[in-house]
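Data from coords-v7.tsv: TSV, C-alpha atoms
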```tsv
chain	number	residue	atom	x	y	z
A	28	MET	CA	0.00	0.00	0.00
A	29	SER	CA	1.49	3.35	-1.05
A	30	ARG	CA	1.27	6.28	1.34
A	31	PRO	CA	-1.72	8.51	0.45
A	32	GLU	CA	-1.35	12.18	-0.38
A	33	PHE	CA	-2.13	14.63	2.42
A	34	SER	CA	-4.43	16.61	0.11
A	35	ASP	CA	-6.45	13.47	-0.71
A	36	LEU	CA	-7.00	12.76	2.99
A	37	ASP	CA	-8.09	16.34	3.56
A	38	ALA	CA	-10.52	16.10	0.64
A	39	PHE	CA	-11.96	12.85	1.98
A	40	VAL	CA	-12.57	14.34	5.45
A	41	ALA	CA	-14.36	17.34	3.91
A	42	ILE	CA	-16.65	15.09	1.84
A	43	VAL	CA	-17.57	12.94	4.85
A	44	ARG	CA	-18.30	16.04	6.91
A	45	HIS	CA	-20.66	17.48	4.28
A	46	ARG	CA	-22.01	14.23	2.83
A	47	ASN	CA	-21.98	16.17	-0.42
A	48	PHE	CA	-19.29	16.68	-3.07
A	49	ARG	CA	-20.46	20.14	-4.12
A	50	ARG	CA	-20.59	21.59	-0.62
A	51	ALA	CA	-17.19	20.13	0.21
A	52	ALA	CA	-15.79	21.51	-3.04
A	53	ARG	CA	-17.19	24.96	-2.28
A	54	GLU	CA	-15.55	24.91	1.15
A	55	ARG	CA	-12.18	23.99	-0.35
A	56	GLY	CA	-12.44	26.25	-3.39
A	57	VAL	CA	-12.09	23.48	-5.97
A	58	SER	CA	-14.39	21.66	-8.36
A	59	ALA	CA	-16.49	18.65	-7.36
A	60	SER	CA	-14.79	16.59	-10.05
A	61	THR	CA	-11.40	17.38	-8.50
A	62	LEU	CA	-12.59	16.11	-5.12
A	63	SER	CA	-14.08	13.01	-6.70
A	64	GLN	CA	-10.75	12.23	-8.33
A	65	SER	CA	-8.93	12.77	-5.02
A	66	VAL	CA	-11.13	10.19	-3.32
A	67	ARG	CA	-10.65	7.71	-6.16
A	68	ASP	CA	-6.87	8.15	-5.85
A	69	LEU	CA	-7.11	7.65	-2.08
A	70	GLU	CA	-9.21	4.50	-2.43
A	71	GLU	CA	-6.78	3.13	-4.99
A	72	ARG	CA	-3.79	3.72	-2.74
A	73	LEU	CA	-5.49	2.20	0.31
A	74	GLY	CA	-7.05	-0.65	-1.62
A	75	VAL	CA	-10.45	-0.21	0.07
A	76	ARG	CA	-13.71	1.52	-0.78
A	77	LEU	CA	-14.32	4.54	1.46
A	78	LEU	CA	-17.51	6.10	0.06
A	79	ASN	CA	-20.80	4.79	-1.26
A	80	ARG	CA	-21.92	7.11	-4.04
A	81	THR	CA	-25.37	7.41	-5.57
A	82	THR	CA	-26.93	10.13	-7.70
A	83	ARG	CA	-28.52	11.60	-4.56
A	84	SER	CA	-26.19	10.90	-1.65
A	85	VAL	CA	-22.66	10.25	-0.51
A	86	THR	CA	-22.16	8.09	2.59
A	87	PRO	CA	-18.99	6.59	4.03
A	88	THR	CA	-18.49	2.84	4.22
A	89	GLU	CA	-17.59	1.31	7.57
A	90	ALA	CA	-13.92	1.70	6.67
A	91	GLY	CA	-14.58	5.28	5.61
A	92	GLU	CA	-16.36	6.09	8.88
A	93	ARG	CA	-13.45	4.77	10.93
A	94	LEU	CA	-10.85	6.61	8.87
A	95	ALA	CA	-12.78	9.89	9.03
A	96	ALA	CA	-13.27	9.54	12.79
A	97	ARG	CA	-9.49	9.26	13.28
A	98	LEU	CA	-8.53	11.95	10.78
A	99	SER	CA	-11.09	14.66	11.64
A	100	PRO	CA	-9.59	15.65	15.03
A	101	ILE	CA	-6.11	15.70	13.49
A	102	PHE	CA	-7.10	18.07	10.68
A	103	SER	CA	-9.08	20.21	13.10
A	104	GLU	CA	-6.03	20.60	15.35
A	105	MET	CA	-3.83	21.42	12.36
A	106	ASN	CA	-6.21	24.07	11.07
A	107	GLU	CA	-6.48	25.67	14.50
A	108	ALA	CA	-2.69	25.71	14.88
A	109	LEU	CA	-2.22	27.34	11.48
A	110	ASP	CA	-4.96	29.86	12.22
A	111	GLU	CA	-3.31	30.88	15.49
A	112	VAL	CA	-0.24	31.82	13.46
A	113	ASN	CA	-2.52	33.64	11.01
A	114	GLY	CA	-3.76	35.75	13.92
A	115	PHE	CA	-0.26	37.22	14.35
A	116	ARG	CA	-0.29	38.68	10.83
A	117	ASP	CA	-0.85	42.41	10.43
A	118	THR	CA	-3.81	41.60	8.22
A	119	PRO	CA	-5.32	38.11	8.72
A	120	SER	CA	-5.98	36.15	5.55
A	121	GLY	CA	-8.32	33.37	4.52
A	122	THR	CA	-11.93	32.81	3.54
A	123	LEU	CA	-14.87	33.74	5.76
A	124	ARG	CA	-17.99	31.76	4.88
A	125	LEU	CA	-21.30	33.22	6.04
A	126	ASN	CA	-24.85	31.86	5.77
A	127	VAL	CA	-27.43	34.67	5.87
A	128	PRO	CA	-31.20	35.01	5.38
A	129	GLY	CA	-32.59	37.21	2.66
A	130	ALA	CA	-34.03	39.62	5.22
A	131	ALA	CA	-30.54	40.49	6.45
A	132	GLN	CA	-29.21	41.50	3.04
A	133	PRO	CA	-30.06	45.23	3.36
A	134	ILE	CA	-28.12	45.33	6.63
A	135	LEU	CA	-25.13	43.25	5.54
A	136	ALA	CA	-24.64	44.62	2.01
A	137	PRO	CA	-23.46	48.14	3.02
A	138	MET	CA	-20.85	46.61	5.34
A	139	ILE	CA	-19.07	44.49	2.76
A	140	ALA	CA	-16.94	47.10	0.99
A	141	ARG	CA	-15.85	48.71	4.27
A	142	PHE	CA	-14.86	45.37	5.75
A	143	LEU	CA	-12.95	44.14	2.71
A	144	SER	CA	-11.12	47.45	2.26
A	145	GLY	CA	-9.78	47.14	5.79
A	146	HIS	CA	-8.96	43.43	5.44
A	147	PRO	CA	-7.47	42.88	1.97
A	148	GLY	CA	-6.29	39.37	2.84
A	149	ILE	CA	-9.79	38.08	3.60
A	150	ARG	CA	-12.20	36.66	1.04
A	151	LEU	CA	-15.92	36.72	1.81
A	152	ASP	CA	-18.08	33.81	0.65
A	153	ILE	CA	-21.74	34.62	1.40
A	154	THR	CA	-24.64	32.23	0.83
A	155	VAL	CA	-28.20	33.55	1.10
A	156	ASP	CA	-30.38	30.83	2.61
A	157	ASN	CA	-33.73	31.19	4.38
A	158	ASN	CA	-33.80	27.58	5.55
A	159	PHE	CA	-33.10	26.64	9.14
A	160	VAL	CA	-30.00	24.53	8.59
A	161	ASP	CA	-26.95	23.54	10.61
A	162	VAL	CA	-24.63	26.07	9.03
A	163	PHE	CA	-21.56	24.62	10.75
A	164	ALA	CA	-22.20	21.12	9.46
A	165	GLN	CA	-22.35	22.64	5.97
A	166	GLY	CA	-18.94	24.26	6.30
A	167	PHE	CA	-19.86	27.84	7.20
A	168	ASP	CA	-17.86	29.75	9.79
A	169	ALA	CA	-20.86	31.72	11.07
A	170	GLY	CA	-24.44	32.61	10.27
A	171	ILE	CA	-26.78	35.54	10.55
A	172	ARG	CA	-30.23	34.89	11.99
A	173	TYR	CA	-32.86	36.43	14.23
A	174	ASP	CA	-32.97	35.73	17.97
A	175	GLU	CA	-35.84	33.24	17.82
A	176	SER	CA	-33.76	31.03	15.50
A	177	LEU	CA	-30.60	30.88	17.61
A	178	ALA	CA	-29.59	27.83	19.62
A	179	LEU	CA	-28.67	28.35	23.27
A	180	ASP	CA	-25.02	27.37	22.84
A	181	MET	CA	-24.38	30.07	20.26
A	182	ILE	CA	-22.63	33.40	20.76
A	183	ALA	CA	-24.67	36.17	19.12
A	184	VAL	CA	-23.40	39.61	18.15
A	185	PRO	CA	-26.05	42.12	16.99
A	186	ILE	CA	-25.26	43.12	13.43
A	187	GLY	CA	-27.83	45.79	12.75
A	188	PRO	CA	-30.37	48.22	14.16
A	189	PRO	CA	-33.97	47.30	15.03
A	190	GLN	CA	-36.20	46.47	12.09
A	191	ARG	CA	-39.93	46.51	11.43
A	192	TYR	CA	-42.46	45.19	8.96
A	193	ALA	CA	-44.43	47.39	6.61
A	194	VAL	CA	-47.77	46.65	4.95
A	195	VAL	CA	-47.80	48.26	1.51
A	196	ALA	CA	-49.79	48.51	-1.70
A	197	SER	CA	-49.90	50.70	-4.77
A	198	PRO	CA	-51.60	54.10	-4.35
A	199	GLU	CA	-54.23	53.03	-6.88
A	200	LEU	CA	-55.12	49.85	-4.99
A	201	ALA	CA	-55.28	51.71	-1.68
A	202	GLN	CA	-57.64	54.26	-3.20
A	203	ARG	CA	-59.82	51.60	-4.82
A	204	TYR	CA	-60.32	49.47	-1.70
A	205	GLY	CA	-59.52	51.98	1.00
A	206	SER	CA	-56.59	51.71	3.42
A	207	PRO	CA	-57.12	49.15	6.21
A	208	GLU	CA	-57.56	50.64	9.67
A	209	ARG	CA	-57.20	47.34	11.53
A	210	PRO	CA	-55.32	44.16	10.52
A	211	GLU	CA	-58.63	42.30	10.09
A	212	ASP	CA	-59.57	44.70	7.28
A	213	LEU	CA	-56.96	42.96	5.11
A	214	LEU	CA	-59.15	39.84	5.08
A	215	THR	CA	-61.49	41.62	2.65
A	216	ARG	CA	-58.72	42.99	0.41
A	217	PRO	CA	-56.41	41.28	-2.11
A	218	CYS	CA	-53.04	40.36	-0.59
A	219	ILE	CA	-49.70	38.97	-1.67
A	220	ARG	CA	-48.21	36.19	0.48
A	221	HIS	CA	-44.68	34.89	0.89
A	222	ARG	CA	-43.96	31.16	0.89
A	223	PHE	CA	-40.76	29.96	2.56
A	224	PRO	CA	-38.58	27.30	0.89
A	225	SER	CA	-39.95	24.81	3.43
A	226	GLY	CA	-43.43	25.39	1.98
A	227	ALA	CA	-44.71	27.28	5.02
A	228	ILE	CA	-46.83	30.42	4.62
A	229	LEU	CA	-46.76	32.18	7.96
A	230	PRO	CA	-49.68	34.26	9.23
A	231	TRP	CA	-49.26	38.02	9.44
A	232	GLU	CA	-48.84	39.14	13.04
A	233	PHE	CA	-49.58	42.65	14.31
A	234	GLU	CA	-49.29	44.28	17.71
A	235	LYS	CA	-50.57	47.54	19.18
A	236	ASP	CA	-50.91	48.61	22.83
A	237	GLY	CA	-50.50	45.04	24.00
A	238	GLU	CA	-53.09	43.63	21.57
A	239	VAL	CA	-51.77	40.94	19.22
A	240	VAL	CA	-53.67	40.10	16.03
A	241	LYS	CA	-52.78	37.28	13.64
A	242	ILE	CA	-54.45	36.97	10.24
A	243	ASP	CA	-54.15	34.55	7.35
A	244	PRO	CA	-55.59	36.36	4.32
A	245	ASP	CA	-56.33	34.77	0.97
A	246	ALA	CA	-54.05	35.88	-1.83
A	247	PRO	CA	-54.21	36.00	-5.62
A	248	LEU	CA	-50.41	35.71	-5.58
A	249	VAL	CA	-48.13	33.52	-3.46
A	250	THR	CA	-44.39	33.55	-4.18
A	251	THR	CA	-41.01	32.73	-2.67
A	252	SER	CA	-39.50	35.79	-4.37
A	253	PRO	CA	-39.60	39.17	-2.56
A	254	ASP	CA	-38.69	40.90	-5.83
A	255	ILE	CA	-41.72	39.45	-7.61
A	256	ALA	CA	-43.96	40.28	-4.65
A	257	ILE	CA	-42.79	43.91	-4.45
A	258	ARG	CA	-43.20	44.45	-8.19
A	259	ALA	CA	-46.66	42.93	-8.02
A	260	ALA	CA	-47.57	45.22	-5.14
A	261	GLU	CA	-46.40	48.23	-7.15
A	262	ASP	CA	-48.54	47.01	-10.05
A	263	GLY	CA	-51.64	46.88	-7.87
A	264	VAL	CA	-52.00	43.12	-7.32
A	265	GLY	CA	-52.50	43.38	-3.55
A	266	TRP	CA	-51.29	44.38	-0.12
A	267	TYR	CA	-47.91	42.96	0.87
A	268	ALA	CA	-46.31	42.63	4.32
A	269	THR	CA	-42.53	42.56	4.31
A	270	PHE	CA	-39.46	44.07	5.92
A	271	GLU	CA	-39.57	47.85	5.70
A	272	ASP	CA	-35.98	47.88	4.41
A	273	PHE	CA	-37.14	46.06	1.27
A	274	VAL	CA	-39.78	48.64	0.33
A	275	ARG	CA	-38.54	51.92	1.82
A	276	THR	CA	-37.21	53.14	-1.54
A	277	ALA	CA	-40.53	52.40	-3.25
A	278	ILE	CA	-42.46	54.13	-0.45
A	279	ASP	CA	-40.25	57.22	-0.63
A	280	ALA	CA	-40.65	57.28	-4.43
A	281	GLY	CA	-44.45	57.09	-4.17
A	282	ARG	CA	-44.75	53.72	-5.91
A	283	LEU	CA	-46.10	52.18	-2.70
A	284	VAL	CA	-48.09	53.52	0.24
A	285	GLU	CA	-47.98	52.14	3.77
A	286	ALA	CA	-50.87	51.24	6.07
A	287	LEU	CA	-51.20	49.99	9.65
A	288	SER	CA	-47.86	51.53	10.64
A	289	SER	CA	-48.98	51.80	14.29
A	290	TRP	CA	-49.60	48.03	14.25
A	291	CYS	CA	-46.03	47.30	13.08
A	292	PRO	CA	-43.62	47.94	15.98
A	293	THR	CA	-39.89	47.51	15.71
A	294	PHE	CA	-38.15	44.30	16.74
A	295	PRO	CA	-34.48	43.41	17.29
A	296	GLY	CA	-32.42	43.13	14.14
A	297	PRO	CA	-30.40	40.05	13.17
A	298	SER	CA	-27.28	38.79	14.92
A	299	LEU	CA	-24.06	37.30	13.69
A	300	TYR	CA	-23.77	33.97	15.48
A	301	TYR	CA	-21.07	31.38	15.90
A	302	SER	CA	-20.52	28.32	18.05
A	303	SER	CA	-19.16	28.75	21.57
A	304	ARG	CA	-17.66	25.28	21.27
A	305	ARG	CA	-15.46	25.94	18.27
A	306	HIS	CA	-12.17	27.65	17.61
A	307	VAL	CA	-12.82	31.06	16.08
A	308	PRO	CA	-10.72	31.44	12.90
A	309	ALA	CA	-8.86	34.69	12.30
A	310	PRO	CA	-11.12	35.93	9.44
A	311	LEU	CA	-14.19	35.48	11.65
A	312	ARG	CA	-12.50	37.21	14.60
A	313	ALA	CA	-11.73	40.15	12.31
A	314	PHE	CA	-15.36	40.32	11.17
A	315	ILE	CA	-16.66	40.13	14.75
A	316	GLU	CA	-14.42	43.05	15.72
A	317	PHE	CA	-15.60	44.96	12.65
A	318	VAL	CA	-19.29	44.38	13.47
A	319	ARG	CA	-18.78	45.54	17.06
A	320	SER	CA	-16.92	48.63	15.86
A	321	GLU	CA	-19.72	49.44	13.42
A	322	ALA	CA	-22.24	49.16	16.23
A	323	GLN	CA	-20.24	51.53	18.44
A	324	HIS	CA	-19.97	54.12	15.69
A	325	GLY	CA	-23.71	53.81	15.05
A	326	ASP	CA	-24.43	54.59	18.69
A	327	GLN	CA	-22.35	57.76	18.63
```
Write-out of the structure in structure tokens:
Amino acid sequence: MSRPEFSDLDAFVAIVRHRNFRRAARERGVSASTLSQSVRDLEERLGVRLLNRTTRSVTPTEAGERLAARLSPIFSEMNEALDEVNGFRDTPSGTLRLNVPGAAQPILAPMIARFLSGHPGIRLDITVDNNFVDVFAQGFDAGIRYDESLALDMIAVPIGPPQRYAVVASPELAQRYGSPERPEDLLTRPCIRHRFPSGAILPWEFEKDGEVVKIDPDAPLVTTSPDIAIRAAEDGVGWYATFEDFVRTAIDAGRLVEALSSWCPTFPGPSLYYSSRRHVPAPLRAFIEFVRSEAQHGDQ
């Protein structure tokens, strides 16, 4: 048996961790075909099959499970050791992988250029994903989510100011049907609803003076795309409830009008979160410091 290449072992561990060639390839910055070839080379050198591959899944064999279990802690220790050295550089380098929901884009987007200009050695890799997934199991360094979605063992750093929802429609639609005065009035007006990737369509929730009202209006349009929903609202299809950040420009331009503003209080904005149980790589530490600095400047 010839001694396997270090890079092939590293590729194998990444594939087992993700159970997916494409996600492992994205983490390592190579193509899926390159990783597949690395595993084939490794299996040939060891003379044993390590992965069971189908068109839909990748699972380790018993031999693969045992090898990955022994190698994973070793590679983790090596990466942490190298990253500690990286922390002594004047400008830390490496890739920072973030998983963020679509609602956080208006908050995160203005930060990107300022962060990268101050950290030229860091590469940002941002995936927009509204699903509730284990971002660490999928190779991300950190995620951005709202408080109700955070696990208890996570460290959360607020990344933006409070946010609020806005209920909007075109001026023509508001004039034709009249602006709702209470949330229940929307039940007799055309609405536009958002469907999450999971298939869920959440009720609209309103609050005023301690009174909470939830409604589930019918809709001539249901979509997973905020862009389609906002354009449809501007074109008079129906009332749409979404993050105010998404429609503020259209409101200011007069393409949309807002209703029920007193029923839409602010709520805490999203947080950058990362595991308290894991080593914090230098690119993530730099971003955490940047986020905290941004928050301090915003308070001044």
All residues 7 Å or closer to range 122-130 of chain A, only C-alpha atoms, same chain fewer than 6 positions away omitted, as a ChimeraX atom specification
/A:149-157,162,167-172,310-311
At most 10 Å from (-22.1, 5.5, 6.1), file frame, all atoms listed in the file: which residues, as a short mmCIF file (atom, residue, chain, number, x, y, z; two decimals) with C-alpha atoms, in the coordinates of the input?
```
data_model
loop_
_atom_site.label_atom_id
_atom_site.label_comp_id
_atom_site.auth_asym_id
_atom_site.auth_seq_id
_atom_site.Cartn_x
_atom_site.Cartn_y
_atom_site.Cartn_z
CA VAL A 43 -17.57 12.94 4.85
CA ARG A 46 -22.01 14.23 2.83
CA LEU A 77 -14.32 4.54 1.46
CA LEU A 78 -17.51 6.10 0.06
CA ASN A 79 -20.80 4.79 -1.26
CA VAL A 85 -22.66 10.25 -0.51
CA THR A 86 -22.16 8.09 2.59
CA PRO A 87 -18.99 6.59 4.03
CA THR A 88 -18.49 2.84 4.22
CA GLU A 89 -17.59 1.31 7.57
CA ALA A 90 -13.92 1.70 6.67
CA GLY A 91 -14.58 5.28 5.61
CA GLU A 92 -16.36 6.09 8.88
CA ARG A 93 -13.45 4.77 10.93
#
```
Of the listed residues A:Ser197, A:Val57, A:Trp231, A:Phe294, that which approaches Ala280 in chain A most closely, counting all atoms listed in the file
A:Ser197
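When CA of Pro210 in chain A is paired with CA of Phe159 in chain A, their separation reads 28.3 Å.
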Quick one: pull the distance between CA of Ser65 in chain A and CA of His306 in chain A, Å, one decimal.
27.3 Å
Could you name the residues that touch range 233-244 of chain A at 8 Å or less, counting only C-alpha atoms, but leaving out those on the same chain fewer than 4 positions away, as a PyMOL selection string?
chain A and resi 210-211+213-214+218+229+289-292
Report the closest atom pair, with its distance in Å rounded to one decimal, for each residue of range 86-168 of chain A that has an atom no farther than 10 Å from range 271-277 of chain A; count only C-alpha atoms, sort by chain and then rising residue number, and write it as JSON lines.
```
{"residue": "A:Ala130", "atom": "CA", "partner": "A:Phe273", "partner_atom": "CA", "distance": 8.2}
{"residue": "A:Ala131", "atom": "CA", "partner": "A:Asp272", "partner_atom": "CA", "distance": 9.4}
{"residue": "A:Gln132", "atom": "CA", "partner": "A:Phe273", "partner_atom": "CA", "distance": 9.3}
{"residue": "A:Pro133", "atom": "CA", "partner": "A:Asp272", "partner_atom": "CA", "distance": 6.6}
{"residue": "A:Ile134", "atom": "CA", "partner": "A:Asp272", "partner_atom": "CA", "distance": 8.6}
```
When you count all atoms listed in the file, which of these residues is closest to Gln323 in chain A: A:Leu109, A:Glu232, A:Ile186, A:Val284?
A:Ile186
Spatial neighbours of Glu199 in chain A, max dist 12 Å, only C-alpha atoms, sep filter under 4 positions, as a PyMOL selection string
chain A and resi 195+203-206+260-266+281-284
Quick check, in Å to one decimal: how far apart do CA of Ser252 in chain A and CA of Ala183 in chain A lie?
27.8 Å
When you look at Glu285 in chain A with a cut-off of 7 Å (counting all atoms listed in the file), what residues show up, excluding the ones that are within fewer than 4 positions of it in the same chain? I need them as a list in words.
Ala193, Val194, Val195 and Ala196 of chain A
Have a look at A:Ser320, A:Phe163, A:Arg191, A:Tyr300 and name the one nearest to Ala268 in chain A; count all atoms listed in the file.
A:Arg191
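Restricting the calculation to all atoms listed in the file, the smallest distance between Phe223 in chain A and any of A:Ser60, A:Gln202, A:Thr250, A:Asn47 is found for A:Thr250.
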Quick one: range 34-48 of chain A with N, CA and C atoms, as an mmCIF file, in the frame of the given file?
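After the write, part-v9.cif holds the following:
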```
data_model
loop_
_atom_site.group_PDB
_atom_site.id
_atom_site.type_symbol
_atom_site.label_atom_id
_atom_site.label_comp_id
_atom_site.auth_asym_id
_atom_site.auth_seq_id
_atom_site.Cartn_x
_atom_site.Cartn_y
_atom_site.Cartn_z
ATOM 1 N N SER A 34 -3.300 15.868 0.678
ATOM 2 C CA SER A 34 -4.430 16.610 0.110
ATOM 3 C C SER A 34 -5.626 15.686 -0.137
ATOM 4 N N ASP A 35 -5.355 14.419 -0.486
ATOM 5 C CA ASP A 35 -6.450 13.470 -0.710
ATOM 6 C C ASP A 35 -7.152 13.143 0.602
ATOM 7 N N LEU A 36 -6.394 13.008 1.672
ATOM 8 C CA LEU A 36 -7.000 12.760 2.990
ATOM 9 C C LEU A 36 -7.849 13.936 3.428
ATOM 10 N N ASP A 37 -7.346 15.136 3.199
ATOM 11 C CA ASP A 37 -8.090 16.340 3.560
ATOM 12 C C ASP A 37 -9.390 16.428 2.764
ATOM 13 N N ALA A 38 -9.325 16.095 1.483
ATOM 14 C CA ALA A 38 -10.520 16.100 0.640
ATOM 15 C C ALA A 38 -11.537 15.078 1.135
ATOM 16 N N PHE A 39 -11.066 13.903 1.489
ATOM 17 C CA PHE A 39 -11.960 12.850 1.980
ATOM 18 C C PHE A 39 -12.678 13.291 3.255
ATOM 19 N N VAL A 40 -11.964 13.887 4.202
ATOM 20 C CA VAL A 40 -12.570 14.340 5.450
ATOM 21 C C VAL A 40 -13.644 15.395 5.173
ATOM 22 N N ALA A 41 -13.379 16.304 4.244
ATOM 23 C CA ALA A 41 -14.360 17.340 3.910
ATOM 24 C C ALA A 41 -15.625 16.730 3.318
ATOM 25 N N ILE A 42 -15.485 15.725 2.473
ATOM 26 C CA ILE A 42 -16.650 15.090 1.840
ATOM 27 C C ILE A 42 -17.485 14.352 2.888
ATOM 28 N N VAL A 43 -16.829 13.650 3.804
ATOM 29 C CA VAL A 43 -17.570 12.940 4.850
ATOM 30 C C VAL A 43 -18.301 13.930 5.743
ATOM 31 N N ARG A 44 -17.667 15.043 6.052
ATOM 32 C CA ARG A 44 -18.300 16.040 6.910
ATOM 33 C C ARG A 44 -19.561 16.607 6.276
ATOM 34 N N HIS A 45 -19.524 16.854 4.972
ATOM 35 C CA HIS A 45 -20.660 17.480 4.280
ATOM 36 C C HIS A 45 -21.648 16.466 3.720
ATOM 37 N N ARG A 46 -21.190 15.229 3.516
ATOM 38 C CA ARG A 46 -22.010 14.230 2.830
ATOM 39 C C ARG A 46 -22.453 14.732 1.452
ATOM 40 N N ASN A 47 -21.602 15.548 0.856
ATOM 41 C CA ASN A 47 -21.980 16.170 -0.420
ATOM 42 C C ASN A 47 -20.702 16.675 -1.093
ATOM 43 N N PHE A 48 -20.494 16.270 -2.356
ATOM 44 C CA PHE A 48 -19.290 16.680 -3.070
ATOM 45 C C PHE A 48 -19.282 18.177 -3.350
#
```
